[in-house]
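Have a look at the structure below, then the notes.
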Amino acid sequence: MEDKPVVPAHLGIIMDGNGRWAKKRSLPRTAGHAEGLKALKRVICEAARQGIGYVTFYTFSTENWKRSEQEVKYLMHLFVSKIHGELAFYNKHGIRILARGDLNGLPEEVRHAIEQTVLETSNNTTITAIVAINYGGRDEICRAVNKFLSKNPGQGITETAIADNLDLPQVPPVDMIVRSANEKRLSNFLLWDSAYAELAFYEKFWPDWNEEDIRKVCHDYSQRVRKFGGVE
Ligand code: FPP
């Protein structure tokens, strides 16, 4: 009997290249984000077909506030209209939505759209899509430490204390982080979890990603030997 191919239980995606995709077509950067959302939908469906349990999408970092007011405004509008606006799509495909990041730092209507969507997709079981929004790995670790200390004043910080107080402690650590558009850095994404994550970088701009790219990611993951500091 053939073994089922190994896929990551949790895949993290840094969706890069939206701006360059748009520039190449003489379009505004915002057009790249709109097209990036279409790619996200293609990718999540194929990830579910491949048997991936969790996919975390880096949609807005704690550093992205530095972008032009117009771009930030557009992204916030996209989050409000599309996160909850795609409810029928999530339910059709069994997609549960969770969020990771400092939601308190988001405009009220964005936070509300996210909270509603999390609630209304909580019974979906095919795949969990995690929206990393106003997310920074360093910020998440600081918030986890403060959360722990407020519950356990004066106690020492341990790895378990931090892991148990991250935004989504019930979600398994990320197995593989991929980034599009040929940039090779983590940019403050899932810093705690990524200690032993596999990393892979791909040339294509994010809006061009399709089902085949996720199948390639799964194939690349299946070729990795994970030792977690031990020996094979
Ligand atoms: C990075 O590319 C992309 C982002 C900061 C935004 C990603 C957001 C989406 C794909 C939309 C998701 C929408 C919902 C509703 C979840 P970049 O702009 O930095 O690209 P560049 O490096 O080519 O300029």
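Residue names in the structure tokens use chain letters A, B, ... in the order shown, residue numbers from 1 in each chain, and ligand numbers from 1 in the order shown.
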
Query raised in the report: Leaving out segment 46-57 of chain A and any residue of its chain fewer than 2 positions from it, which residues lie within 7 Å of it when counting only C-alpha atoms, given as a PyMOL selection string?
Result: chain A and resi 7-14+42-44+59+126-132+211+214

Selected residues written out, all heavy atoms, as a compact mmCIF listing (two decimals), in the first residue's frame:
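out-v7.txt, written as the output of this step:
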# COMPACT_ATOMS: atom_id res chain seq x y z
N VAL A 7 1.84 16.10 3.99
CA VAL A 7 1.63 17.53 3.74
C VAL A 7 1.80 18.26 5.06
O VAL A 7 1.64 17.66 6.12
CB VAL A 7 0.22 17.83 3.15
CG1 VAL A 7 0.04 17.20 1.79
CG2 VAL A 7 -0.89 17.43 4.10
N PRO A 8 2.15 19.55 5.01
CA PRO A 8 2.26 20.26 6.29
C PRO A 8 0.90 20.32 6.98
O PRO A 8 -0.13 20.55 6.33
CB PRO A 8 2.72 21.67 5.88
CG PRO A 8 2.56 21.77 4.40
CD PRO A 8 2.46 20.40 3.85
N ALA A 9 0.89 20.10 8.30
CA ALA A 9 -0.37 20.25 9.04
C ALA A 9 -0.73 21.74 9.08
O ALA A 9 -1.89 22.12 9.03
CB ALA A 9 -0.21 19.72 10.46
N HIS A 10 0.31 22.58 9.15
CA HIS A 10 0.08 24.03 9.22
C HIS A 10 1.07 24.70 8.26
O HIS A 10 2.29 24.57 8.42
CB HIS A 10 0.29 24.50 10.67
CG HIS A 10 0.05 25.96 10.87
ND1 HIS A 10 0.12 26.54 12.12
CD2 HIS A 10 -0.25 26.98 10.02
CE1 HIS A 10 -0.13 27.85 12.02
NE2 HIS A 10 -0.34 28.13 10.74
N LEU A 11 0.52 25.41 7.31
CA LEU A 11 1.34 26.14 6.32
C LEU A 11 1.18 27.64 6.56
O LEU A 11 0.06 28.12 6.76
CB LEU A 11 0.83 25.77 4.92
CG LEU A 11 1.49 26.47 3.72
CD1 LEU A 11 2.93 26.01 3.56
CD2 LEU A 11 0.70 26.18 2.44
N GLY A 12 2.28 28.36 6.55
CA GLY A 12 2.23 29.83 6.67
C GLY A 12 2.59 30.44 5.32
O GLY A 12 3.53 29.98 4.66
N ILE A 13 1.86 31.48 4.92
CA ILE A 13 2.13 32.08 3.61
C ILE A 13 2.34 33.58 3.73
O ILE A 13 1.48 34.32 4.22
CB ILE A 13 0.98 31.81 2.61
CG1 ILE A 13 0.73 30.29 2.49
CG2 ILE A 13 1.33 32.39 1.24
CD1 ILE A 13 -0.27 29.90 1.41
N ILE A 14 3.52 34.03 3.27
CA ILE A 14 3.78 35.47 3.16
C ILE A 14 3.47 35.84 1.71
O ILE A 14 4.19 35.47 0.78
CB ILE A 14 5.25 35.79 3.52
CG1 ILE A 14 5.59 35.27 4.93
CG2 ILE A 14 5.51 37.30 3.40
CD1 ILE A 14 7.04 35.44 5.35
N ARG A 42 -8.06 30.70 -4.40
CA ARG A 42 -7.64 29.52 -5.16
C ARG A 42 -6.78 28.62 -4.28
O ARG A 42 -6.93 27.40 -4.24
CB ARG A 42 -6.79 29.93 -6.38
CG ARG A 42 -7.54 30.59 -7.50
CD ARG A 42 -6.68 30.67 -8.75
NE ARG A 42 -5.58 31.63 -8.68
CZ ARG A 42 -5.68 32.93 -8.97
NH1 ARG A 42 -6.83 33.44 -9.34
NH2 ARG A 42 -4.62 33.72 -8.89
N VAL A 43 -5.87 29.28 -3.54
CA VAL A 43 -4.90 28.54 -2.73
C VAL A 43 -5.57 27.80 -1.58
O VAL A 43 -5.25 26.65 -1.29
CB VAL A 43 -3.80 29.52 -2.25
CG1 VAL A 43 -3.06 28.99 -1.05
CG2 VAL A 43 -2.84 29.82 -3.39
N ILE A 44 -6.51 28.45 -0.92
CA ILE A 44 -7.14 27.80 0.24
C ILE A 44 -7.92 26.55 -0.20
O ILE A 44 -7.90 25.52 0.48
CB ILE A 44 -7.99 28.79 1.07
CG1 ILE A 44 -8.38 28.19 2.42
CG2 ILE A 44 -9.24 29.27 0.38
CD1 ILE A 44 -7.27 28.07 3.38
N THR A 59 -1.72 38.93 6.13
CA THR A 59 -2.49 39.92 5.36
C THR A 59 -2.11 41.37 5.69
O THR A 59 -2.26 42.24 4.84
CB THR A 59 -4.01 39.76 5.57
OG1 THR A 59 -4.30 39.93 6.94
CG2 THR A 59 -4.51 38.41 5.11
N THR A 126 -13.41 21.56 7.32
CA THR A 126 -12.51 21.05 6.27
C THR A 126 -11.10 21.61 6.45
O THR A 126 -10.11 20.88 6.37
CB THR A 126 -13.05 21.40 4.87
OG1 THR A 126 -14.40 20.94 4.79
CG2 THR A 126 -12.23 20.76 3.78
N ILE A 127 -10.99 22.90 6.66
CA ILE A 127 -9.68 23.56 6.79
C ILE A 127 -9.85 24.83 7.61
O ILE A 127 -10.94 25.43 7.60
CB ILE A 127 -9.07 23.87 5.39
CG1 ILE A 127 -7.61 24.33 5.51
CG2 ILE A 127 -9.91 24.87 4.61
CD1 ILE A 127 -6.84 24.30 4.19
N THR A 128 -8.79 25.23 8.32
CA THR A 128 -8.83 26.50 9.06
C THR A 128 -7.93 27.51 8.36
O THR A 128 -6.74 27.24 8.17
CB THR A 128 -8.35 26.30 10.51
OG1 THR A 128 -9.23 25.36 11.14
CG2 THR A 128 -8.37 27.59 11.30
N ALA A 129 -8.50 28.64 7.97
CA ALA A 129 -7.71 29.73 7.38
C ALA A 129 -7.51 30.78 8.46
O ALA A 129 -8.49 31.27 9.03
CB ALA A 129 -8.43 30.32 6.18
N ILE A 130 -6.26 31.08 8.74
CA ILE A 130 -5.96 32.06 9.80
C ILE A 130 -5.50 33.36 9.15
O ILE A 130 -4.55 33.37 8.35
CB ILE A 130 -4.88 31.51 10.75
CG1 ILE A 130 -5.38 30.21 11.39
CG2 ILE A 130 -4.52 32.55 11.82
CD1 ILE A 130 -4.31 29.38 12.04
N VAL A 131 -6.20 34.43 9.47
CA VAL A 131 -5.86 35.74 8.94
C VAL A 131 -4.90 36.40 9.94
O VAL A 131 -5.30 36.74 11.05
CB VAL A 131 -7.14 36.59 8.79
CG1 VAL A 131 -6.82 37.95 8.20
CG2 VAL A 131 -8.18 35.86 7.95
N ALA A 132 -3.64 36.55 9.55
CA ALA A 132 -2.69 37.28 10.41
C ALA A 132 -2.83 38.76 10.04
O ALA A 132 -2.47 39.17 8.94
CB ALA A 132 -1.28 36.78 10.19
N GLU A 211 -3.52 26.72 -8.09
CA GLU A 211 -3.55 25.38 -7.48
C GLU A 211 -2.22 24.65 -7.65
O GLU A 211 -1.75 23.98 -6.73
CB GLU A 211 -4.68 24.55 -8.12
CG GLU A 211 -6.09 25.04 -7.82
CD GLU A 211 -6.53 26.26 -8.63
OE1 GLU A 211 -5.74 26.77 -9.46
OE2 GLU A 211 -7.67 26.70 -8.41
N ILE A 214 0.45 25.42 -5.06
CA ILE A 214 0.28 24.79 -3.75
C ILE A 214 0.67 23.31 -3.82
O ILE A 214 1.27 22.76 -2.89
CB ILE A 214 -1.16 24.99 -3.24
CG1 ILE A 214 -1.27 26.39 -2.62
CG2 ILE A 214 -1.61 23.97 -2.22
CD1 ILE A 214 -0.32 26.66 -1.47

Query raised in the report: Which neighbours of Ala113 of chain A fall inside 8 Å, counting only C-alpha atoms, when residues of the same chain fewer than 5 positions from it are skipped, and could you give them as a PyMOL selection string?
Result: chain A and resi 79-80+83-84

**Report entry** Surrounding residues of segment 116-123 of chain A excluding itself and chain neighbours under 3 positions, 8 Å, only C-alpha atoms, as number ranges by chain
**Finding:** A: 83-84, 87, 90-91, 95-99, 112-113

Report task. From segment 66-143 of chain A, collect each residue whose DSSP state is helix (DSSP H, G or I) and return the set as a PyMOL selection string. Result -> chain A and resi 66+69-83+87-93+103-105+108-120+137-143

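Neighbouring residues of ligand 1 at a cut-off of 6 Å, counting only C-alpha atoms and all ligand atoms, are A:Met15, A:Asp16, A:Gly17, A:Asn18, A:Gly19, A:Arg20, A:His33, A:Gly36, A:Leu37, A:Thr59, A:Phe60, A:Leu78, A:Phe79, A:Lys82, A:Ile83.
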
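Atom pair atom CA of Gly156 of chain A / atom CA of Gly101 of chain A has a distance of 24.3 Å (rounded to one decimal).
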
Query - Residues near Phe148 of chain A, cut-off 8 Å, only C-alpha atoms, skip fewer than 6 positions along chain, as number ranges by chain - result: A: 161-162, 165

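Of the residues listed (A:Asp102, A:Glu115, A:Glu108, A:Asp175), A:Asp102 shows the shortest atom-to-atom separation from Ile141 of chain A; distances use only C-alpha atoms.
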
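For the pair atom CA of Leu106 of chain A and atom CA of Trp192 of chain A, the separation is 22.4 Å.
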
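With distances restricted to only C-alpha atoms, A:Lys23 is the closest residue to Phe205 of chain A from A:Arg111, A:Lys147, A:His93, A:Lys23.
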
Query raised in the report: Running DSSP on the backbone, which parts of segment 1-184 of chain A land in strand (DSSP E), as a PyMOL selection string?
Result: chain A and resi 10-14+54-61+95-100+127-135+176-179

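If only C-alpha atoms are the atoms counted, then among A:Trp21, A:Thr62, A:Gln70, A:Gly137 the closest residue to Ala181 of chain A is A:Trp21.
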
**Report entry** From A:Cys142, A:Phe228, A:Thr125, A:Glu183, residue lying nearest Ala195 of chain A [only C-alpha atoms]
**Finding:** A:Phe228
